[in-house]
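Student: Below you'll find query_19.txt; it's compact mmCIF, C-alpha atoms.
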```
# COMPACT_ATOMS: atom_id res chain seq x y z
CA MET Q 1 0.00 0.00 0.00
CA ASP Q 2 1.30 3.40 -0.95
CA PHE Q 3 1.74 5.86 1.92
CA SER Q 4 4.08 8.70 2.92
CA ILE Q 5 5.42 10.01 6.23
CA ARG Q 6 5.90 13.76 6.65
CA ALA Q 7 6.24 16.39 9.37
CA ALA Q 8 2.93 17.67 10.77
CA ASN Q 9 1.98 21.32 10.18
CA LEU Q 10 -0.59 23.67 11.74
CA ASP Q 11 -3.35 22.55 9.34
CA ASP Q 12 -2.98 18.95 10.50
CA CYS Q 13 -4.21 19.73 14.01
CA LYS Q 14 -7.83 18.93 13.14
CA ASP Q 15 -6.89 15.44 11.93
CA ILE Q 16 -4.45 14.94 14.83
CA ALA Q 17 -7.25 15.86 17.30
CA ARG Q 18 -9.55 13.37 15.55
CA MET Q 19 -6.95 10.58 15.72
CA ILE Q 20 -6.05 11.38 19.37
CA MET Q 21 -9.70 10.68 20.18
CA GLU Q 22 -9.68 7.45 18.13
CA LEU Q 23 -6.56 6.29 20.00
CA ALA Q 24 -8.15 7.18 23.36
CA GLU Q 25 -11.23 5.13 22.42
CA TYR Q 26 -8.96 2.16 21.58
CA GLU Q 27 -7.27 2.60 25.00
CA LYS Q 28 -10.73 2.82 26.64
CA VAL Q 29 -10.01 6.27 28.12
CA SER Q 30 -11.83 8.68 25.78
CA ASP Q 31 -13.28 10.63 28.72
CA HIS Q 32 -9.69 11.53 29.69
CA VAL Q 33 -9.08 13.60 26.53
CA LYS Q 34 -9.19 17.33 27.37
CA VAL Q 35 -6.85 18.65 24.68
CA THR Q 36 -8.57 20.47 21.80
CA GLN Q 37 -7.51 21.29 18.25
CA LYS Q 38 -6.74 24.83 19.46
CA ASP Q 39 -4.45 23.52 22.25
CA LEU Q 40 -2.55 21.47 19.68
CA GLU Q 41 -2.16 24.52 17.43
CA GLN Q 42 -0.86 26.66 20.31
CA ASP Q 43 1.33 24.02 21.91
CA GLY Q 44 2.75 22.37 18.81
CA PHE Q 45 3.29 25.25 16.44
CA SER Q 46 4.38 28.25 18.52
CA LYS Q 47 7.92 29.59 19.01
CA ASN Q 48 8.86 27.02 21.67
CA PRO Q 49 6.70 24.00 20.87
CA PHE Q 50 5.86 21.48 23.58
CA PHE Q 51 5.65 18.67 21.02
CA HIS Q 52 6.34 17.76 17.38
CA GLY Q 53 4.29 15.54 15.10
CA ILE Q 54 4.65 13.34 12.05
CA ILE Q 55 1.75 12.21 9.85
CA ALA Q 56 1.19 9.12 7.71
CA GLU Q 57 -0.80 9.98 4.61
CA VAL Q 58 -2.29 7.91 1.78
CA PRO Q 59 -3.05 9.12 -1.77
CA GLU Q 60 -6.63 10.17 -2.66
CA GLN Q 61 -7.54 6.78 -4.13
CA HIS Q 62 -6.97 5.11 -0.71
CA LYS Q 63 -8.84 7.67 1.41
CA THR Q 64 -11.31 6.42 4.07
CA LYS Q 65 -15.05 6.40 3.45
CA GLU Q 66 -15.25 9.71 5.39
CA GLY Q 67 -12.64 11.15 3.02
CA TYR Q 68 -9.59 11.16 5.30
CA THR Q 69 -6.13 10.79 3.77
CA GLU Q 70 -4.31 11.32 7.08
CA ILE Q 71 -4.41 7.80 8.51
CA GLY Q 72 -1.75 7.71 11.23
CA TYR Q 73 0.44 9.94 13.37
CA ALA Q 74 3.11 10.07 16.03
CA LEU Q 75 3.64 12.85 18.59
CA TYR Q 76 7.03 13.24 20.26
CA PHE Q 77 9.06 15.71 22.27
CA TYR Q 78 12.62 15.99 23.45
CA ALA Q 79 13.39 14.79 26.94
CA TYR Q 80 16.47 14.13 29.01
CA SER Q 81 18.06 11.23 30.85
CA SER Q 82 20.42 12.27 33.63
CA TRP Q 83 22.28 9.01 32.90
CA SER Q 84 22.41 8.93 29.08
CA GLY Q 85 21.75 12.52 28.03
CA ARG Q 86 19.43 13.56 25.21
CA ALA Q 87 16.33 11.45 24.73
CA ILE Q 88 13.13 11.50 22.72
CA TYR Q 89 9.74 10.65 24.24
CA MET Q 90 7.11 9.32 21.85
CA GLU Q 91 3.80 10.40 23.38
CA ASP Q 92 1.47 8.79 20.80
CA LEU Q 93 1.75 6.29 17.94
CA TYR Q 94 -1.48 5.53 16.08
CA VAL Q 95 -2.64 4.01 12.79
CA MET Q 96 -6.35 3.84 11.83
CA PRO Q 97 -7.63 0.23 12.11
CA GLU Q 98 -8.20 -0.35 8.38
CA PHE Q 99 -4.58 0.65 7.61
CA ARG Q 100 -2.86 -1.57 10.17
CA GLY Q 101 -0.59 -4.47 9.28
CA LYS Q 102 0.89 -2.65 6.28
CA GLY Q 103 4.05 -1.20 7.81
CA VAL Q 104 2.66 2.26 8.62
CA GLY Q 105 3.23 2.02 12.40
CA LYS Q 106 6.74 0.70 11.85
CA ALA Q 107 7.47 3.55 9.41
CA LEU Q 108 6.20 6.19 11.88
CA MET Q 109 8.20 4.74 14.76
CA SER Q 110 11.35 4.38 12.62
CA LYS Q 111 11.01 8.00 11.56
CA VAL Q 112 10.88 9.08 15.23
CA ALA Q 113 14.02 6.97 15.85
CA GLN Q 114 15.74 8.63 12.88
CA LEU Q 115 14.81 12.10 14.20
CA ALA Q 116 16.09 11.03 17.63
CA LEU Q 117 19.52 10.07 16.26
CA ALA Q 118 19.68 13.23 14.13
CA ALA Q 119 19.19 15.31 17.31
CA GLY Q 120 21.88 13.38 19.20
CA CYS Q 121 19.46 11.39 21.36
CA HIS Q 122 20.47 8.05 22.88
CA GLN Q 123 17.01 6.80 23.90
CA LEU Q 124 13.52 6.58 22.45
CA ASN Q 125 11.06 6.19 25.35
CA PHE Q 126 7.30 5.63 25.41
CA THR Q 127 4.65 3.74 27.38
CA VAL Q 128 2.22 0.96 26.55
CA LEU Q 129 -0.68 -0.54 28.50
CA ASN Q 130 0.08 -4.02 29.84
CA TRP Q 131 -3.15 -5.52 28.37
CA ASN Q 132 -2.40 -4.12 24.88
CA LYS Q 133 -0.87 -7.35 23.59
CA PRO Q 134 -0.79 -6.52 19.84
CA SER Q 135 1.15 -3.33 20.54
CA MET Q 136 3.43 -4.88 23.17
CA ASP Q 137 4.28 -7.78 20.81
CA PHE Q 138 4.96 -5.35 17.96
CA TYR Q 139 7.29 -3.17 20.05
CA LEU Q 140 9.21 -6.12 21.49
CA SER Q 141 9.64 -7.59 17.99
CA GLN Q 142 11.27 -4.32 16.93
CA GLY Q 143 13.97 -4.63 19.62
CA CYS Q 144 12.86 -2.45 22.52
CA PHE Q 145 12.84 -3.55 26.14
CA ASP Q 146 10.22 -3.24 28.89
CA VAL Q 147 11.78 -0.87 31.45
CA THR Q 148 8.96 -1.54 33.94
CA GLY Q 149 9.15 -5.31 33.51
CA THR Q 150 12.95 -5.66 33.58
CA MET Q 151 14.14 -2.78 35.78
CA GLY Q 152 11.10 -2.26 38.00
CA TYR Q 153 10.37 1.39 37.23
CA HIS Q 154 6.80 2.54 37.92
CA CYS Q 155 5.26 5.52 36.10
CA MET Q 156 4.00 8.12 38.58
CA ARG Q 157 1.82 11.14 37.99
CA CYS Q 158 0.77 14.20 39.99
CA GLU Q 159 -2.15 16.18 38.52
CA GLY Q 160 -5.21 18.26 39.38
CA GLU Q 161 -5.51 19.35 42.99
CA ALA Q 162 -2.49 17.29 44.04
CA LEU Q 163 -0.31 19.15 41.54
CA GLU Q 164 -1.65 22.57 42.57
CA HIS Q 165 -1.08 21.70 46.21
CA LEU Q 166 2.48 20.53 45.50
CA ALA Q 167 3.25 23.76 43.64
CA GLN Q 168 2.14 25.84 46.67
CA LEU Q 169 4.48 24.15 49.15
CA MET W 1 17.60 23.44 59.12
CA ASN W 2 18.10 26.46 56.92
CA PHE W 3 17.95 25.82 53.17
CA LYS W 4 16.83 27.57 50.01
CA ILE W 5 15.69 26.48 46.56
CA ARG W 6 16.94 28.28 43.48
CA ARG W 7 17.21 27.84 39.74
CA ALA W 8 20.27 25.89 38.60
CA ALA W 9 23.01 27.79 36.78
CA LYS W 10 25.67 26.51 34.41
CA GLU W 11 28.23 26.50 37.25
CA ASP W 12 26.07 23.99 39.14
CA CYS W 13 26.61 21.24 36.57
CA LYS W 14 29.60 19.72 38.37
CA ASP W 15 27.51 19.40 41.57
CA ILE W 16 24.46 18.16 39.65
CA SER W 17 26.68 15.53 37.99
CA ARG W 18 28.01 14.44 41.39
CA MET W 19 24.49 14.13 42.77
CA ILE W 20 23.25 12.27 39.67
CA MET W 21 25.89 9.65 40.48
CA ASP W 22 24.86 9.62 44.16
CA LEU W 23 21.25 8.98 43.06
CA ALA W 24 22.32 6.26 40.61
CA ILE W 25 24.27 4.52 43.40
CA TYR W 26 21.14 4.65 45.59
CA GLU W 27 19.13 3.17 42.67
CA LYS W 28 21.82 0.41 42.39
CA MET W 29 22.69 1.33 38.79
CA PRO W 30 25.86 3.49 38.85
CA ASP W 31 27.15 1.80 35.67
CA GLN W 32 24.20 3.30 33.77
CA VAL W 33 25.49 6.87 34.14
CA LYS W 34 27.04 7.75 30.79
CA ILE W 35 27.07 11.55 30.81
CA SER W 36 29.23 14.07 32.68
CA HIS W 37 28.89 17.73 33.64
CA GLU W 38 29.91 18.73 30.09
CA GLU W 39 26.76 17.27 28.52
CA LEU W 40 24.64 18.89 31.25
CA GLU W 41 26.23 22.28 30.51
CA ARG W 42 25.67 21.90 26.79
CA ASP W 43 22.11 20.55 27.02
CA GLY W 44 20.79 22.57 29.95
CA PHE W 45 22.26 26.00 29.42
CA CYS W 46 22.42 26.65 25.72
CA GLN W 47 20.00 28.59 23.48
CA ASN W 48 17.14 26.07 23.61
CA PRO W 49 17.68 24.13 26.82
CA LEU W 50 16.36 20.60 26.87
CA PHE W 51 15.54 20.71 30.55
CA GLU W 52 14.60 23.14 33.26
CA SER W 53 15.02 22.54 36.92
CA LEU W 54 12.38 24.13 39.14
CA LEU W 55 8.95 22.85 40.18
CA SER W 56 7.58 26.40 40.01
CA LYS W 57 8.06 26.20 36.26
CA VAL W 58 5.15 23.73 36.22
CA ALA W 59 2.71 26.34 37.48
CA GLU W 60 4.29 29.12 35.38
CA LYS W 61 4.01 27.17 32.15
CA GLN W 62 0.43 26.09 32.95
CA CYS W 63 1.27 22.40 32.82
CA VAL W 64 -1.39 19.97 33.91
CA ARG W 65 0.81 17.08 34.95
CA LEU W 66 4.06 16.28 36.70
CA GLN W 67 5.30 12.83 35.71
CA LEU W 68 8.16 10.82 37.12
CA SER W 69 9.21 7.23 37.62
CA VAL W 70 10.30 5.37 40.74
CA LEU W 71 11.80 1.93 41.30
CA ASN W 72 9.29 -0.56 42.70
CA TRP W 73 11.56 -1.56 45.64
CA ASN W 74 12.19 2.08 46.65
CA THR W 75 9.58 2.17 49.42
CA PRO W 76 10.68 5.42 51.13
CA SER W 77 10.40 7.31 47.82
CA ARG W 78 7.13 5.62 46.80
CA ASP W 79 5.63 6.53 50.17
CA PHE W 80 6.87 10.12 49.82
CA TYR W 81 5.37 10.56 46.34
CA ALA W 82 2.09 8.92 47.39
CA ALA W 83 1.90 11.27 50.39
CA LYS W 84 2.23 14.21 47.96
CA GLY W 85 -0.74 12.96 45.93
CA ALA W 86 1.00 11.13 43.06
CA GLN W 87 -0.77 8.12 41.56
CA ASP W 88 1.11 4.99 40.50
CA LEU W 89 -0.11 4.54 36.91
CA THR W 90 1.75 1.25 36.50
CA VAL W 91 -0.32 -0.24 39.33
CA THR W 92 -3.66 1.52 38.72
CA GLU W 93 -3.78 1.59 34.89
CA GLY W 94 -1.16 -0.94 33.79
CA TRP W 95 1.25 1.42 31.99
CA HIS W 96 4.72 0.06 31.23
CA ALA W 97 7.71 2.22 30.26
CA ILE W 98 9.35 0.96 27.05
CA ARG W 99 12.73 1.95 25.61
CA PHE W 100 14.83 1.67 22.46
CA ASP W 101 18.53 2.45 22.92
CA GLY W 102 21.97 1.44 21.66
CA GLN W 103 22.09 -0.84 18.63
CA ASN W 104 18.31 -1.42 18.71
CA LEU W 105 17.68 2.31 18.30
CA ASP W 106 20.17 2.49 15.43
CA ASN W 107 18.53 -0.52 13.72
CA LEU W 108 15.07 1.02 14.06
CA ALA W 109 16.26 4.36 12.66
CA ASN W 110 17.89 2.63 9.67
CA GLU W 111 14.51 1.23 8.67
CA ALA W 112 12.90 4.69 8.38
CA PRO W 113 11.43 5.48 4.95
CA LYS W 114 13.76 7.56 2.80
CA ASP W 115 12.49 11.13 2.31
```
Would you kindly transcribe this structure into structure tokens?

Tutor:
Amino acid sequence: MDFSIRAANLDDCKDIARMIMELAEYEKVSDHVKVTQKDLEQDGFSKNPFFHGIIAEVPEQHKTKEGYTEIGYALYFYAYSSWSGRAIYMEDLYVMPEFRGKGVGKALMSKVAQLALAAGCHQLNFTVLNWNKPSMDFYLSQGCFDVTGTMGYHCMRCEGEALEHLAQL
Amino acid sequence: MNFKIRRAAKEDCKDISRMIMDLAIYEKMPDQVKISHEELERDGFCQNPLFESLLSKVAEKQCVRLQLSVLNWNTPSRDFYAAKGAQDLTVTEGWHAIRFDGQNLDNLANEAPKD
């Protein structure tokens, strides 16, 4: 199947917002999504962006029945490891169901890896839900390792009132 | 005990590097520390710094989350974070941290579609 990977631009935010919601539905957490198209435009395409995006696109003849040609995306941002230095964090990786199994996810993830190396990063980090077997199997087959499973790191989060309270201390 | 909190400056990188090693020893992984104060100076204090070092920046930048990771055997730290209102997403939602590095990262990058 013919597809291309390219950097996301401001006009892609509508499709990215759509696919963020589709991914959240897959992960069974759609009520958690608070980010809007406008947030993405402000946070991804201002002077000091909080994230970067890449898009997988198919030609017109392969568009979905709703008319979408943007059929996958990855969001990433630069992070840091106090042990290894520059790192990239891949926040989202998503391919629409009817386009899976054709190498699109692999191409998106490889592109993020290529961007990571180009920026001098030594790690590509992301998270996956433990019940998401298709994704976990895919990632492991590509040569990553499970930091939680092998090293025992737990992902922690402070948000909402707890975060506000912490910031006042 | 009298102490103050302030933003890190470039001159602090030697001390930060020392304390990174202290932390790695505590986490039982000192052999994992690959960077020195020079990388910290370059990456933290250049034109577009990759990291900032004050919690107040969270409120200033209107961030909605503070995320971190902790080793499962590190009970004092886990208790401390829980007391401050952090949730353990690995336990409550099943999230696992995944990583590509070294040769595996290079291999993955080599398979990227040519532009």

Student: Restrict the calculation to all atoms listed in the file, then for each residue of chain W with any atom at most 8 Å from an atom of chain Q give the closest atom pair and their distance in Å to one decimal, rows by chain and rising residue number, as a Markdown table.

Tutor:
```
| residue | atom | partner | partner_atom | distance |
| --- | --- | --- | --- | --- |
| W:Ile20 | CA | Q:Ser82 | CA | 6.7 |
| W:Gln32 | CA | Q:Trp83 | CA | 6.1 |
| W:Val33 | CA | Q:Trp83 | CA | 4.1 |
| W:Lys34 | CA | Q:Ser84 | CA | 5.1 |
| W:Ile35 | CA | Q:Ser84 | CA | 5.6 |
| W:Glu39 | CA | Q:Gly85 | CA | 6.9 |
| W:Leu40 | CA | Q:Gly85 | CA | 7.7 |
| W:Asp43 | CA | Q:Arg86 | CA | 7.7 |
| W:Leu50 | CA | Q:Ala79 | CA | 6.5 |
| W:Phe51 | CA | Q:Tyr80 | CA | 6.8 |
| W:Leu55 | CA | Q:Ala167 | CA | 6.7 |
| W:Ser56 | CA | Q:Ala167 | CA | 6.2 |
| W:Val58 | CA | Q:Ala167 | CA | 7.7 |
| W:Ala59 | CA | Q:Ala167 | CA | 6.7 |
| W:Val64 | CA | Q:Glu159 | CA | 6.0 |
| W:Arg65 | CA | Q:Glu159 | CA | 4.7 |
| W:Leu66 | CA | Q:Cys158 | CA | 5.1 |
| W:Gln67 | CA | Q:Arg157 | CA | 4.5 |
| W:Leu68 | CA | Q:Met156 | CA | 5.2 |
| W:Ser69 | CA | Q:Cys155 | CA | 4.6 |
| W:Val70 | CA | Q:Tyr153 | CA | 5.3 |
| W:Leu71 | CA | Q:Tyr153 | CA | 4.3 |
| W:Asn72 | CA | Q:Gly152 | CA | 5.3 |
| W:Trp73 | CA | Q:Gly152 | CA | 7.7 |
| W:Lys84 | CA | Q:Leu166 | CA | 6.8 |
| W:Gly85 | CA | Q:Ala162 | CA | 5.0 |
| W:Ala86 | CA | Q:Cys158 | CA | 4.3 |
| W:Gln87 | CA | Q:Arg157 | CA | 5.3 |
| W:Asp88 | CA | Q:Met156 | CA | 4.7 |
| W:Leu89 | CA | Q:Cys155 | CA | 5.5 |
| W:Thr90 | CA | Q:His154 | CA | 5.4 |
| W:Val91 | CA | Q:His154 | CA | 7.8 |
| W:Glu93 | CA | Q:Leu129 | CA | 7.4 |
| W:Gly94 | CA | Q:Asn130 | CA | 5.2 |
| W:Trp95 | CA | Q:Leu129 | CA | 4.4 |
| W:His96 | CA | Q:Thr148 | CA | 5.3 |
| W:Ala97 | CA | Q:Thr127 | CA | 4.5 |
| W:Ile98 | CA | Q:Asp146 | CA | 4.7 |
| W:Arg99 | CA | Q:Asn125 | CA | 4.6 |
| W:Phe100 | CA | Q:Cys144 | CA | 4.6 |
| W:Asp101 | CA | Q:Gln123 | CA | 4.7 |
| W:Gly102 | CA | Q:His122 | CA | 6.9 |
| W:Asn104 | CA | Q:Gly143 | CA | 5.5 |
| W:Leu105 | CA | Q:Ala113 | CA | 6.4 |
| W:Asp106 | CA | Q:Ala113 | CA | 7.6 |
| W:Leu108 | CA | Q:Ser110 | CA | 5.2 |
| W:Ala109 | CA | Q:Gln114 | CA | 4.3 |
| W:Asn110 | CA | Q:Gln114 | CA | 7.1 |
| W:Glu111 | CA | Q:Ser110 | CA | 6.0 |
| W:Ala112 | CA | Q:Ser110 | CA | 4.5 |
| W:Pro113 | CA | Q:Ala107 | CA | 6.3 |
```

Student: Using atom CA of Asp12 of chain Q and atom CA of Ile55 of chain Q as the two end points, give the distance in Å to one decimal.

Tutor: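 Between atom CA of Asp12 of chain Q and atom CA of Ile55 of chain Q the gap works out to 8.3 Å.
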
Student: Please report the interatomic distance between atom CA of Leu93 of chain Q and atom CA of Lys47 of chain Q in Å with one decimal.

Tutor: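 Those two atoms sit 24.1 Å apart.
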
Student: I'd like to know which of Q:Asn9, Q:Glu27, Q:Thr69, Q:Arg18 is closest to His52 of chain Q, using only C-alpha atoms.

Tutor: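 Comparing Q:Asn9, Q:Glu27, Q:Thr69, Q:Arg18 against His52 of chain Q, the winner is Q:Asn9.
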
Student: Mind giving me the straight-line distance from atom CA of Glu57 of chain Q to atom CA of Cys13 of chain Q in Å, one decimal?

Tutor: 14.0 Å

Student: From the list W:Lys28, W:Lys10, W:Arg18, W:Lys4, which residue is nearest Arg42 of chain W when using all atoms listed in the file?

Tutor: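 When distances to Arg42 of chain W are compared using all atoms listed in the file, the smallest one comes from W:Lys10.
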
Student: Looking at only C-alpha atoms, which of Q:Asp11, Q:Asp31, Q:Glu22, Q:Glu91 is the one that sits closest to Phe51 of chain Q?

Tutor: Q:Glu91

Student: Using only C-alpha atoms, can you tell me which of Q:Asp43, Q:Glu70, Q:Glu98, Q:Asp15 comes closest to Cys63 of chain W?

Tutor: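 Nearest candidate to Cys63 of chain W out of Q:Asp43, Q:Glu70, Q:Glu98, Q:Asp15: Q:Asp43.
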
Student: Restricting the calculation to all atoms listed in the file: of Q:Ala8, Q:Ala74, Q:Phe50, Q:Gln37, which residue gets closest to Gln62 of chain W?

Tutor: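 Smallest separation from Gln62 of chain W among the options: Q:Phe50.
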
Student: As JSON, please report the centre and edge lengths, rounded to one decimal in Å, of the axis-aligned box that holds all listed atoms of segment 156-169 of chain Q with 6 Å of padding on each of the six sides.

Tutor:
```
{"center_x": -0.5, "center_y": 17.0, "center_z": 43.6, "size_x": 22.0, "size_y": 29.7, "size_z": 23.2}
```
